[in-house]
Amino acid sequence: MKTKGLLLPILSAGLLIYATISVVRSQPNTPRVDPPLPPPRSTFERTVAGIGLVEPSSEIISVSSHLPGVVEKVYVKAGDRVKVGAPLFKLDTRALEAQLAEKEASVTALQASAASAEARVKTASAALKEAKLLLATAEKLTTSRTISADEVTQKRAAVETCEAALESSRAEAEAAHSQARASEAAKNMVSVDLERSTVTALVDGEVLQARIRPGEHATAGAAAQPYLMLGQTQPLHVRVDVDEQDAWRVSPEARAIAQIRGDSTRSTTLKFVRIEPLVVPKQSLTGAAAERVDTRVLQLIYRLEPSAHRFLPGQQVDVFMEELPTGKSSMPQTLATGG
């Protein structure tokens with residue numbers, strides 16, 4: 001009886017031991033592997049850390065079109081370096097060229113009309129001068145009764161008629177000149193539109209991105225996606241986000257380094273440029289569970305010093321800034337100071 005009572009517990013214990021051994025044996029034997037590269041680590045004794053975004057020293061310039069139209073030619077591609085005034089892309093200008101020819105013909109015709117009106121002014125002026133001379137002669141002859149009073153009256157009326165004709169001619173000439181100037185202004189406007197049909201670079205820099213192709217339609221003003229993105233990449237800047245709770249710990253005099261993400265051995269020193277005065281909502285989120293989306297950050301701008309490592313615009317880097325002792329660390333009186 002006792003043997004039968006112990007059989008079930010013994011059998012259960014054996015099955016449990018067997019199951020445990022099977023589970024242990026089924027687990028893969030994964031050896032411990034050290035990370036190929038060390039994680040980001042500061043070289044300073046006391047550190048303020050932040051996420052940096054590499055950007056052109058001019059910041060990114062989004063290029064759009066002045067006028068709507070179909071793109072005829074694109075002169076640059078991503079990676080090209082351009083100078084101020086270099087053409088970037090050109091719109092189809094056939095309609096504008098036709099308008100310009102029409103305006104030029106109109107200007108020529110109106111200038112001829114203005115010249116004709118000026119000639120009529122000169123004719124009217126000469127007629128008035130002659131009428132005044134005849135009137136003066138008639139008035140002298142009145143005393144000797146050589147000419148009648150009616151003839152003098154007629155000559156006086158002729159002077160008044162010539163004066164009215166001169167005023168009318170001058171008004172017509174002024175109107176003709178006004179029309180010619182208006183036509184000239186319209187022609188100049190078309191000429192300006194022709195010039196603006198070729199979008200040019202406003203700064204020396206590098207084409208960071210090209211999203212426009214010949215045959216595509218360009219709209220005037222800001223587009224949903226910039227047609228071209230330019231920037232001065234010599235030198236590059238780093239825009240560092242520092243949590244507002246750590247803002248008091250930063251100092252323009254402190255040393256700073258930037259490390260490439262994924263390889264902390266690749267780093268370079270940073271040169272302080274300025275502090276953006278406005279604390280803004282954090283845009284670059286890390287995805288950490290404890291991170292709040294309502295975090296606000298102070299942005300510091302640093303210049304990347306020459307280095308053997310390549311940094312690219314838009315690249316994120318880990319930035320470590322030295323925290324100076326309380327007596328030496330001080331926020332600038334004006335946040336917009338630069339170096």
# chains A, B, ... in the order shown; residues from 1 in each chain; ligands from 1

call {"tool": "select_by_dssp", "arguments": {"residues": "stretch 95-308 of chain A", "states": "alpha helix (DSSP H)", "output": "VMD selection string"}}
result
chain A and resid 95 to 142 149 to 196

call {"tool": "atom_distance", "arguments": {"atom1": "atom CA of A:Glu253", "atom2": "atom CA of A:Tyr302"}}
result
11.8 Å

call {"tool": "residues_around", "arguments": {"residues": "A:Ala119", "least_positions_apart": "5", "cutoff": "12 Å", "atoms": "only C-alpha atoms", "output": "list in words"}}
result
Ala112, Ser113, Ala114, Ala124, Ser125, Ala126, Leu166, Ser169, Arg170, Glu172 and Ala173 of chain A

call {"tool": "write_last_selection", "arguments": {"atoms": "N, CA and C atoms", "output": "PDB file, in the first residue's frame"}}
result
ATOM      1  N   ALA A 112       7.073 106.334 -81.474  1.00  0.00           N
ATOM      2  CA  ALA A 112       6.862 107.069 -82.731  1.00  0.00           C
ATOM      3  C   ALA A 112       5.687 108.037 -82.597  1.00  0.00           C
ATOM      4  N   SER A 113       4.629 107.592 -81.927  1.00  0.00           N
ATOM      5  CA  SER A 113       3.480 108.481 -81.697  1.00  0.00           C
ATOM      6  C   SER A 113       3.879 109.673 -80.839  1.00  0.00           C
ATOM      7  N   ALA A 114       4.713 109.418 -79.826  1.00  0.00           N
ATOM      8  CA  ALA A 114       5.169 110.513 -78.966  1.00  0.00           C
ATOM      9  C   ALA A 114       6.027 111.495 -79.753  1.00  0.00           C
ATOM     10  N   ALA A 124       2.697 123.867 -83.634  1.00  0.00           N
ATOM     11  CA  ALA A 124       1.758 124.769 -82.966  1.00  0.00           C
ATOM     12  C   ALA A 124       2.493 125.936 -82.331  1.00  0.00           C
ATOM     13  N   SER A 125       3.678 125.682 -81.800  1.00  0.00           N
ATOM     14  CA  SER A 125       4.458 126.759 -81.190  1.00  0.00           C
ATOM     15  C   SER A 125       4.898 127.772 -82.251  1.00  0.00           C
ATOM     16  N   ALA A 126       5.305 127.270 -83.416  1.00  0.00           N
ATOM     17  CA  ALA A 126       5.709 128.174 -84.504  1.00  0.00           C
ATOM     18  C   ALA A 126       4.513 128.978 -85.008  1.00  0.00           C
ATOM     19  N   LEU A 166      -1.696 124.949 -79.213  1.00  0.00           N
ATOM     20  CA  LEU A 166      -0.430 124.568 -78.577  1.00  0.00           C
ATOM     21  C   LEU A 166      -0.671 123.790 -77.287  1.00  0.00           C
ATOM     22  N   SER A 169      -1.789 120.357 -78.190  1.00  0.00           N
ATOM     23  CA  SER A 169      -0.668 119.549 -78.691  1.00  0.00           C
ATOM     24  C   SER A 169       0.224 119.082 -77.550  1.00  0.00           C
ATOM     25  N   ARG A 170       0.453 119.993 -76.589  1.00  0.00           N
ATOM     26  CA  ARG A 170       1.274 119.602 -75.437  1.00  0.00           C
ATOM     27  C   ARG A 170       0.606 118.497 -74.615  1.00  0.00           C
ATOM     28  N   GLU A 172      -1.535 116.278 -75.761  1.00  0.00           N
ATOM     29  CA  GLU A 172      -1.449 115.045 -76.541  1.00  0.00           C
ATOM     30  C   GLU A 172      -0.041 114.447 -76.461  1.00  0.00           C
ATOM     31  N   ALA A 173       0.965 115.317 -76.498  1.00  0.00           N
ATOM     32  CA  ALA A 173       2.344 114.830 -76.410  1.00  0.00           C
ATOM     33  C   ALA A 173       2.611 114.190 -75.047  1.00  0.00           C
TER      34      ALA A 173
END

call {"tool": "select_by_dssp", "arguments": {"residues": "stretch 82-300 of chain A", "states": "strand (DSSP E)", "output": "PyMOL selection string"}}
result
chain A and resi 82+87-91+198-200+205-210+217-218+228-231+236-243+256-260+263-275+280-281+296-300

call {"tool": "residues_around", "arguments": {"residues": "A:Arg239", "least_positions_apart": "3", "cutoff": "7 Å", "atoms": "only C-alpha atoms", "output": "ChimeraX atom specification"}}
result
/A:52-54,299-302

call {"tool": "closest_residue", "arguments": {"among": "A:Ala258, A:Val280, A:Ala182, A:Val199", "to": "A:Gln316", "atoms": "only C-alpha atoms"}}
result
A:Ala258

call {"tool": "residues_around", "arguments": {"residues": "A:Ala171", "least_positions_apart": "4", "cutoff": "12 Å", "atoms": "only C-alpha atoms", "output": "VMD selection string"}}
result
chain A and resid 114 117 to 118 120 to 121 164 to 167 175 to 178

call {"tool": "residues_around", "arguments": {"residues": "stretch 229-234 of chain A", "least_positions_apart": "3", "cutoff": "9 Å", "atoms": "only C-alpha atoms", "output": "CSV table (one decimal) with C-alpha atoms, in the first residue's frame"}}
result
chain,number,residue,atom,x,y,z
A,55,GLU,CA,24.0,71.3,-40.9
A,56,PRO,CA,25.6,73.8,-43.4
A,57,SER,CA,27.0,77.0,-41.8
A,58,SER,CA,24.4,78.9,-43.9
A,59,GLU,CA,21.7,76.5,-42.7
A,60,ILE,CA,19.7,74.7,-45.4
A,61,ILE,CA,18.4,76.9,-48.1
A,62,SER,CA,15.3,75.6,-49.8
A,63,VAL,CA,15.1,76.8,-53.4
A,78,ALA,CA,23.3,66.8,-55.9
A,201,ALA,CA,22.1,80.6,-56.6
A,203,VAL,CA,25.1,82.0,-52.0
A,204,ASP,CA,28.2,80.1,-52.6
A,205,GLY,CA,27.6,76.5,-51.5
A,206,GLU,CA,26.9,72.9,-52.4
A,207,VAL,CA,23.8,71.3,-53.9
A,208,LEU,CA,22.6,69.0,-51.1
A,209,GLN,CA,19.5,67.6,-52.9
A,210,ALA,CA,17.9,68.0,-56.3
A,211,ARG,CA,14.2,67.1,-56.7
A,226,PRO,CA,11.9,72.0,-52.1
A,237,HIS,CA,28.0,73.5,-38.2
A,312,LEU,CA,27.6,65.0,-43.6
A,313,PRO,CA,24.8,67.5,-43.5

call {"tool": "atom_distance", "arguments": {"atom1": "atom CA of A:Leu304", "atom2": "atom CA of A:Leu270"}}
result
5.1 Å

call {"tool": "closest_residue", "arguments": {"among": "A:Leu91, A:Ala247, A:Leu110, A:Cys162", "to": "A:Glu72", "atoms": "only C-alpha atoms"}}
result
A:Leu91
